[in-house]
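Novice: Input structure: structure_37.pdb, which contains PDB, C-alpha atoms.
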```
ATOM      1  CA  MET A1441      32.576 -27.306  16.035
ATOM      2  CA  ASN A1442      31.617 -26.306  12.481
ATOM      3  CA  GLY A1443      35.254 -26.540  11.458
ATOM      4  CA  ILE A1444      35.518 -30.067  12.810
ATOM      5  CA  VAL A1445      32.366 -31.231  11.040
ATOM      6  CA  ALA A1446      33.424 -29.553   7.789
ATOM      7  CA  ARG A1447      36.615 -31.627   7.742
ATOM      8  CA  ARG A1448      34.641 -34.859   7.873
ATOM      9  CA  ASN A1449      33.908 -35.680   4.245
ATOM     10  CA  ASN A1450      31.860 -38.694   5.301
ATOM     11  CA  PHE A1451      29.395 -36.486   7.219
ATOM     12  CA  ALA A1452      27.831 -34.142   4.635
ATOM     13  CA  GLU A1453      27.439 -36.515   1.683
ATOM     14  CA  PRO A1454      25.296 -39.242   3.332
ATOM     15  CA  ILE A1455      22.956 -36.612   4.779
ATOM     16  CA  LEU A1456      22.218 -35.162   1.322
ATOM     17  CA  GLU A1457      21.377 -38.630  -0.004
ATOM     18  CA  PHE A1458      19.161 -39.255   3.035
ATOM     19  CA  LEU A1459      17.272 -35.985   2.502
ATOM     20  CA  GLU A1460      16.736 -36.676  -1.198
ATOM     21  CA  ALA A1461      15.420 -40.173  -0.388
ATOM     22  CA  ALA A1462      13.151 -38.770   2.334
ATOM     23  CA  TYR A1463      11.680 -36.174  -0.052
ATOM     24  CA  LYS A1464      11.083 -38.915  -2.634
ATOM     25  CA  ASP A1465       9.372 -41.171  -0.078
ATOM     26  CA  PHE A1466       7.242 -38.296   1.173
ATOM     27  CA  GLY A1467       6.139 -37.499  -2.378
ATOM     28  CA  GLU A1468       5.186 -41.092  -3.049
ATOM     29  CA  LEU A1469       3.195 -41.303   0.200
ATOM     30  CA  THR A1470       1.381 -37.969  -0.042
ATOM     31  CA  GLY A1471       1.403 -37.020  -3.714
ATOM     32  CA  ARG A1472       3.104 -33.728  -2.799
ATOM     33  CA  LYS A1473       6.517 -33.362  -4.398
ATOM     34  CA  TYR A1474       9.157 -31.187  -2.787
ATOM     35  CA  GLY A1475      12.843 -30.793  -3.401
ATOM     36  CA  LEU A1476      15.755 -29.243  -1.590
ATOM     37  CA  ILE A1477      15.001 -25.929  -3.281
ATOM     38  CA  SER A1478      11.678 -24.661  -4.603
ATOM     39  CA  GLU A1479      11.297 -21.686  -6.926
ATOM     40  CA  TYR A1480       8.261 -19.446  -7.213
ATOM     41  CA  LYS A1481       7.927 -17.002 -10.103
ATOM     42  CA  THR A1482      11.671 -16.424 -10.393
ATOM     43  CA  ALA A1483      12.036 -16.523 -14.187
ATOM     44  CA  ASP A1484      11.908 -12.733 -14.633
ATOM     45  CA  ALA A1485      12.764 -11.708 -11.068
ATOM     46  CA  GLU A1486      15.506  -9.271 -10.218
ATOM     47  CA  THR A1487      15.079  -9.965  -6.509
ATOM     48  CA  VAL A1488      14.804 -13.449  -5.034
ATOM     49  CA  PHE A1489      13.954 -14.272  -1.430
ATOM     50  CA  VAL A1490      15.458 -17.326   0.242
ATOM     51  CA  SER A1491      13.580 -18.687   3.238
ATOM     52  CA  LEU A1492      12.879 -21.754   5.333
ATOM     53  CA  GLY A1493       9.613 -23.212   6.496
ATOM     54  CA  SER A1494       6.376 -21.326   6.682
ATOM     55  CA  ALA A1495       7.954 -17.995   5.710
ATOM     56  CA  ALA A1496       7.876 -19.210   2.107
ATOM     57  CA  GLU A1497       4.070 -19.112   2.040
ATOM     58  CA  ASN A1498       4.076 -15.478   3.166
ATOM     59  CA  ILE A1499       6.677 -14.571   0.559
ATOM     60  CA  GLU A1500       4.644 -16.264  -2.194
ATOM     61  CA  ALA A1501       1.583 -14.271  -1.131
ATOM     62  CA  ALA A1502       3.630 -11.043  -1.170
ATOM     63  CA  VAL A1503       5.009 -11.848  -4.637
ATOM     64  CA  ASP A1504       1.479 -12.483  -5.948
ATOM     65  CA  TYR A1505       0.225  -9.233  -4.418
ATOM     66  CA  LEU A1506       3.101  -7.159  -5.787
ATOM     67  CA  ARG A1507       2.765  -8.649  -9.267
ATOM     68  CA  GLU A1508      -1.007  -8.026  -9.266
ATOM     69  CA  THR A1509      -0.799  -4.455  -7.979
ATOM     70  CA  ARG A1510       2.466  -3.272  -9.514
ATOM     71  CA  GLY A1511       3.061  -5.639 -12.398
ATOM     72  CA  PRO A1512       5.879  -8.108 -12.976
ATOM     73  CA  ALA A1513       8.512  -5.382 -13.149
ATOM     74  CA  TRP A1514       7.690  -3.818  -9.763
ATOM     75  CA  ALA A1515      11.219  -4.327  -8.454
ATOM     76  CA  ARG A1516      12.780  -2.574 -11.442
ATOM     77  CA  SER A1517      10.733   0.578 -10.899
ATOM     78  CA  THR A1518      11.710   1.097  -7.247
TER      79      THR A1518
END
```
Starting from the file, lay out its structure as structure tokens.
Specialist:
Amino acid sequence: MNGIVARRNNFAEPILEFLEAAYKDFGELTGRKYGLISEYKTADAETVFVSLGSAAENIEAAVDYLRETRGPAWARST
């Protein structure tokens, strides 16, 4: 089925526009701005985690802990 959907150029594009509009509306209603991708302390990172949903909060907490206890270069020393 993925192959069939992938061949439909009119399927993927409208969904992206819908998601972007939904994120914009949500931000206007709640004051919380989100995008399709959010970064957290990635400027000097050598390792980046990609996640969905509530796992992101746990990863942010782990990044904060590792930076506090091992410093910003913790990944380079292991």
Novice: Between atom CA of A:Glu1497 and atom CA of A:Pro1454, what is the distance in Å, rounded to a tenth?
Specialist: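 Straight-line distance from atom CA of A:Glu1497 to atom CA of A:Pro1454 works out to 29.3 Å.
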Novice: Env of stretch 1502-1513 of chain A: 12 Å cut, atoms = all atoms listed in the file, seq-sep filter 4 positions within chain, self excluded. Answer as a list in words.
Specialist: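 Everything that qualifies: Glu1479, Tyr1480, Lys1481, Thr1482, Ala1483, Asp1484, Ala1485, Glu1486, Thr1487, Val1488, Phe1489, Ala1495, Ala1496, Glu1497, Asn1498, Ser1517 and Thr1518 of chain A.
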Novice: Could you save those same residues with C-alpha atoms as an mmCIF file, in the coordinates of the input?
Specialist:
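Output contents, as saved in again-v4.cif:
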```
data_model
loop_
_atom_site.group_PDB
_atom_site.id
_atom_site.type_symbol
_atom_site.label_atom_id
_atom_site.label_comp_id
_atom_site.auth_asym_id
_atom_site.auth_seq_id
_atom_site.Cartn_x
_atom_site.Cartn_y
_atom_site.Cartn_z
ATOM 1 C CA GLU A 1479 11.297 -21.686 -6.926
ATOM 2 C CA TYR A 1480 8.261 -19.446 -7.213
ATOM 3 C CA LYS A 1481 7.927 -17.002 -10.103
ATOM 4 C CA THR A 1482 11.671 -16.424 -10.393
ATOM 5 C CA ALA A 1483 12.036 -16.523 -14.187
ATOM 6 C CA ASP A 1484 11.908 -12.733 -14.633
ATOM 7 C CA ALA A 1485 12.764 -11.708 -11.068
ATOM 8 C CA GLU A 1486 15.506 -9.271 -10.218
ATOM 9 C CA THR A 1487 15.079 -9.965 -6.509
ATOM 10 C CA VAL A 1488 14.804 -13.449 -5.034
ATOM 11 C CA PHE A 1489 13.954 -14.272 -1.430
ATOM 12 C CA ALA A 1495 7.954 -17.995 5.710
ATOM 13 C CA ALA A 1496 7.876 -19.210 2.107
ATOM 14 C CA GLU A 1497 4.070 -19.112 2.040
ATOM 15 C CA ASN A 1498 4.076 -15.478 3.166
ATOM 16 C CA SER A 1517 10.733 0.578 -10.899
ATOM 17 C CA THR A 1518 11.710 1.097 -7.247
#
```
Novice: So what do you get for atom CA of A:Ser1478 versus atom CA of A:Glu1460, distance-wise?
Specialist: 13.5 Å
Novice: Need the shell around A:Tyr1474: protein/DNA/RNA residues with any atom at most 8 Å away, counting all atoms listed in the file. Skip same-chain ones fewer than 6 positions apart. Format as a list in words?
Specialist: Tyr1463, Lys1464 and Gly1467 of chain A
